[in-house]
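Okay, so here's the structure we're looking at.
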Amino acid sequence: MYSEASSEASSEASSGTWSPYSTIDTAATPVSPQLDRQTPAPTSDNEAIHGYSSEPGPATGGRFYKEDKQCPSVEFKFCPNASRLFSTPCQDWIALMEVKCLDVPRLMREGFHWDASNVVNEEGYFEYGNKDLRAPDWERLPGRWYFLKDTHQARRWIASLEVKAFDANILYDFEISRLSREHVRYARAFNQDGQQIYGYQSHTFADESSNAAETPMMGFNMIYDKMPMEGFWPWPRKETEAHEKDVDKGQCDCQDKVRSKENLTDFEWV
């Protein structure tokens, strides 16, 4: 089984670290004209981002995404309940989205918006889990693959989304439209040199069954600090959006759980 429960602390230690900064002020930060500007979308080496046709094509298993040579620069981990551990024993399904984008700051300024209309239906497929017991837990689960593209012209990003579950019927009937930023458990982004510029981890309640301690919500943005972002960026949100989420779900105010400079620990990423 895929589980982070047994070693949340060790996974934190093996991941990227949080850069120290002062206590986060959740008030909305005005966007300057410089940040709000529109910039041309750069193209990738093999033109996959710019050149992919919008017309239906043959089933190639996401070839347009896989053949693009750039590394993913934005990653999201989704699960049904973002306040619980990112593991199949704790969740009915878990999903990993990897986005290839050469201008991540632009996605921060303009928002990372997508829905089912961004899915290239002909590219999706089902993958049976690795039967080798020595394989990592994640690889042993069956998975459903989606491939997405930006509908904006010029195209800014392409992405893959893999959904994993013990029960294959969940994957057969999975509806990508159910995903929202409220399902984001982790998120991180990198610059063109592979250095981390953004990180987020949702608030997690204590789990006695796995001996997991309560974890505060944590987030940082090394580019735009506390500037609210739209779309699937989980943090920072506008103050009104954060309040509505906590009231609707009956959760504590996650913004009050942000760790201060003195309390920051390694950023958890499995």
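Naming works like this for the structure tokens: A, B, ... for the chains as they're shown, residue 1 at the start of each chain, ligands 1 onward in shown order.
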
Got a sec: who's within 7 Å of stretch 155-160 of chain A, counting only C-alpha atoms, leaving out chain neighbours fewer than 4 positions off, as a compact mmCIF listing (two decimals) with C-alpha atoms, in the first residue's frame?
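To be explicit, this is the file written out as around_20.txt:
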```txt
# COMPACT_ATOMS: atom_id res chain seq x y z
CA ALA A 41 4.47 32.62 -23.76
CA ILE A 49 3.35 23.66 -26.15
CA HIS A 50 2.81 25.96 -29.12
CA TYR A 65 3.52 15.71 -23.51
CA MET A 97 -0.46 16.52 -11.78
CA GLU A 98 2.79 17.61 -13.45
CA VAL A 99 2.79 20.81 -15.50
CA LYS A 100 5.40 21.78 -18.09
CA CYS A 101 5.58 25.55 -18.31
CA TYR A 146 -5.03 12.20 -18.52
CA PHE A 147 -3.15 14.72 -20.63
CA LEU A 148 -4.11 18.37 -20.76
CA LYS A 149 -3.21 21.46 -22.72
CA ASP A 150 -3.79 25.16 -22.28
CA THR A 151 -6.51 26.49 -24.59
```

- Message: For a test of reading the model, state the distance in Å between atom CA of A:Phe174 and atom CA of A:Gln153, rounded to one decimal.
- Response: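 Between atom CA of A:Phe174 and atom CA of A:Gln153 the gap is 28.8 Å.
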
- Within 10 Å of A:Phe76 using only C-alpha atoms, minus same-chain residues under 5 positions, as an NGL selection string: :A and (95-99 or 161 or 181 or 183-189 or 199-200 or 232-234)

Expected file contents, prior selection, N, CA, C and O atoms, as a PDB file, in the first residue's frame:
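Saved result, part36.pdb, follows:
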```
ATOM      1  N   ALA A  95      -3.975  11.659  -6.637  1.00  0.00           N
ATOM      2  CA  ALA A  95      -3.629  12.061  -8.000  1.00  0.00           C
ATOM      3  C   ALA A  95      -2.426  12.990  -7.994  1.00  0.00           C
ATOM      4  O   ALA A  95      -2.254  13.806  -7.079  1.00  0.00           O
ATOM      5  N   LEU A  96      -1.616  12.861  -9.026  1.00  0.00           N
ATOM      6  CA  LEU A  96      -0.438  13.709  -9.214  1.00  0.00           C
ATOM      7  C   LEU A  96      -0.542  14.405 -10.566  1.00  0.00           C
ATOM      8  O   LEU A  96      -0.695  13.748 -11.596  1.00  0.00           O
ATOM      9  N   MET A  97      -0.454  15.718 -10.550  1.00  0.00           N
ATOM     10  CA  MET A  97      -0.457  16.518 -11.780  1.00  0.00           C
ATOM     11  C   MET A  97       0.911  17.160 -11.943  1.00  0.00           C
ATOM     12  O   MET A  97       1.430  17.782 -11.012  1.00  0.00           O
ATOM     13  N   GLU A  98       1.502  16.998 -13.134  1.00  0.00           N
ATOM     14  CA  GLU A  98       2.790  17.610 -13.449  1.00  0.00           C
ATOM     15  C   GLU A  98       2.607  18.526 -14.655  1.00  0.00           C
ATOM     16  O   GLU A  98       2.110  18.092 -15.703  1.00  0.00           O
ATOM     17  N   VAL A  99       3.011  19.775 -14.492  1.00  0.00           N
ATOM     18  CA  VAL A  99       2.791  20.805 -15.504  1.00  0.00           C
ATOM     19  C   VAL A  99       4.132  21.236 -16.083  1.00  0.00           C
ATOM     20  O   VAL A  99       5.067  21.540 -15.335  1.00  0.00           O
ATOM     21  N   LEU A 161      -1.824  14.137 -15.762  1.00  0.00           N
ATOM     22  CA  LEU A 161      -2.509  13.895 -14.495  1.00  0.00           C
ATOM     23  C   LEU A 161      -2.707  12.398 -14.352  1.00  0.00           C
ATOM     24  O   LEU A 161      -3.356  11.767 -15.189  1.00  0.00           O
ATOM     25  N   ARG A 181      -9.228  23.212  -6.258  1.00  0.00           N
ATOM     26  CA  ARG A 181      -8.063  23.507  -5.431  1.00  0.00           C
ATOM     27  C   ARG A 181      -8.302  23.155  -3.967  1.00  0.00           C
ATOM     28  O   ARG A 181      -7.358  23.089  -3.190  1.00  0.00           O
ATOM     29  N   HIS A 183      -9.014  20.307  -3.132  1.00  0.00           N
ATOM     30  CA  HIS A 183      -8.479  18.949  -3.045  1.00  0.00           C
ATOM     31  C   HIS A 183      -6.957  18.926  -3.090  1.00  0.00           C
ATOM     32  O   HIS A 183      -6.360  17.848  -3.079  1.00  0.00           O
ATOM     33  N   VAL A 184      -6.315  20.074  -3.151  1.00  0.00           N
ATOM     34  CA  VAL A 184      -4.857  20.118  -3.242  1.00  0.00           C
ATOM     35  C   VAL A 184      -4.253  19.842  -1.872  1.00  0.00           C
ATOM     36  O   VAL A 184      -4.479  20.581  -0.910  1.00  0.00           O
ATOM     37  N   ARG A 185      -3.498  18.767  -1.777  1.00  0.00           N
ATOM     38  CA  ARG A 185      -2.803  18.405  -0.528  1.00  0.00           C
ATOM     39  C   ARG A 185      -1.411  19.041  -0.490  1.00  0.00           C
ATOM     40  O   ARG A 185      -0.979  19.529   0.543  1.00  0.00           O
ATOM     41  N   TYR A 186      -0.712  18.981  -1.613  1.00  0.00           N
ATOM     42  CA  TYR A 186       0.596  19.610  -1.749  1.00  0.00           C
ATOM     43  C   TYR A 186       0.663  20.323  -3.095  1.00  0.00           C
ATOM     44  O   TYR A 186      -0.006  19.938  -4.059  1.00  0.00           O
ATOM     45  N   ALA A 187       1.516  21.324  -3.174  1.00  0.00           N
ATOM     46  CA  ALA A 187       1.834  21.960  -4.453  1.00  0.00           C
ATOM     47  C   ALA A 187       3.242  22.536  -4.355  1.00  0.00           C
ATOM     48  O   ALA A 187       3.678  22.943  -3.274  1.00  0.00           O
ATOM     49  N   ARG A 188       3.943  22.537  -5.470  1.00  0.00           N
ATOM     50  CA  ARG A 188       5.248  23.173  -5.504  1.00  0.00           C
ATOM     51  C   ARG A 188       5.574  23.574  -6.943  1.00  0.00           C
ATOM     52  O   ARG A 188       4.998  23.029  -7.897  1.00  0.00           O
ATOM     53  N   ALA A 189       6.465  24.546  -7.081  1.00  0.00           N
ATOM     54  CA  ALA A 189       6.852  25.039  -8.401  1.00  0.00           C
ATOM     55  C   ALA A 189       8.336  25.367  -8.395  1.00  0.00           C
ATOM     56  O   ALA A 189       8.932  25.635  -7.338  1.00  0.00           O
ATOM     57  N   GLY A 199       5.867  26.638  -2.576  1.00  0.00           N
ATOM     58  CA  GLY A 199       5.529  25.417  -1.868  1.00  0.00           C
ATOM     59  C   GLY A 199       4.272  25.590  -1.042  1.00  0.00           C
ATOM     60  O   GLY A 199       3.998  26.670  -0.517  1.00  0.00           O
ATOM     61  N   TYR A 200       3.502  24.528  -0.942  1.00  0.00           N
ATOM     62  CA  TYR A 200       2.257  24.552  -0.160  1.00  0.00           C
ATOM     63  C   TYR A 200       1.996  23.170   0.397  1.00  0.00           C
ATOM     64  O   TYR A 200       2.214  22.155  -0.276  1.00  0.00           O
ATOM     65  N   PHE A 232      -6.021  27.060  -9.695  1.00  0.00           N
ATOM     66  CA  PHE A 232      -5.695  25.929  -8.837  1.00  0.00           C
ATOM     67  C   PHE A 232      -4.570  26.215  -7.850  1.00  0.00           C
ATOM     68  O   PHE A 232      -4.224  25.335  -7.064  1.00  0.00           O
ATOM     69  N   TRP A 233      -3.993  27.401  -7.871  1.00  0.00           N
ATOM     70  CA  TRP A 233      -3.012  27.728  -6.829  1.00  0.00           C
ATOM     71  C   TRP A 233      -3.731  27.736  -5.480  1.00  0.00           C
ATOM     72  O   TRP A 233      -4.650  28.516  -5.270  1.00  0.00           O
ATOM     73  N   PRO A 234      -3.321  26.891  -4.541  1.00  0.00           N
ATOM     74  CA  PRO A 234      -4.070  26.794  -3.284  1.00  0.00           C
ATOM     75  C   PRO A 234      -3.777  27.910  -2.289  1.00  0.00           C
ATOM     76  O   PRO A 234      -4.543  28.120  -1.348  1.00  0.00           O
TER      77      PRO A 234
END
```

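Distances to A:Pro105 were evaluated for A:Glu214, A:Ala206, A:Val74, A:Lys164 using only C-alpha atoms, and the minimum falls at A:Val74.
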
- Option closest in space to A:Trp114, from A:Arg178, A:Lys77, A:Lys66, A:Arg140 [counting only C-alpha atoms]: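 The shortest atom-to-atom distance to A:Trp114 comes from A:Arg178.
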
- Task: Identify, with DSSP run on backbone atoms, the residues in stretch 152-200 of chain A assigned to strand (DSSP E), and express the list as number ranges by chain.
- Result: A: 158-164, 184-190, 196-200

- Message: So the first atom is atom CA of A:Phe166 and the second is atom CA of A:Gly143; what is the distance between them in Å, to one decimal place?
- Response: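 Taking atom CA of A:Phe166 as the start and atom CA of A:Gly143 as the end point, the length is 9.1 Å.
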
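You will find atom CA of A:Phe126 at 9.7 Å from atom CA of A:Gly61.
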
- Mind checking which residues fall within 7 Å of A:Gly231, counting only C-alpha atoms, ignoring those fewer than 3 positions away in the same chain, and posting them as an NGL selection string? :A and (111-113)
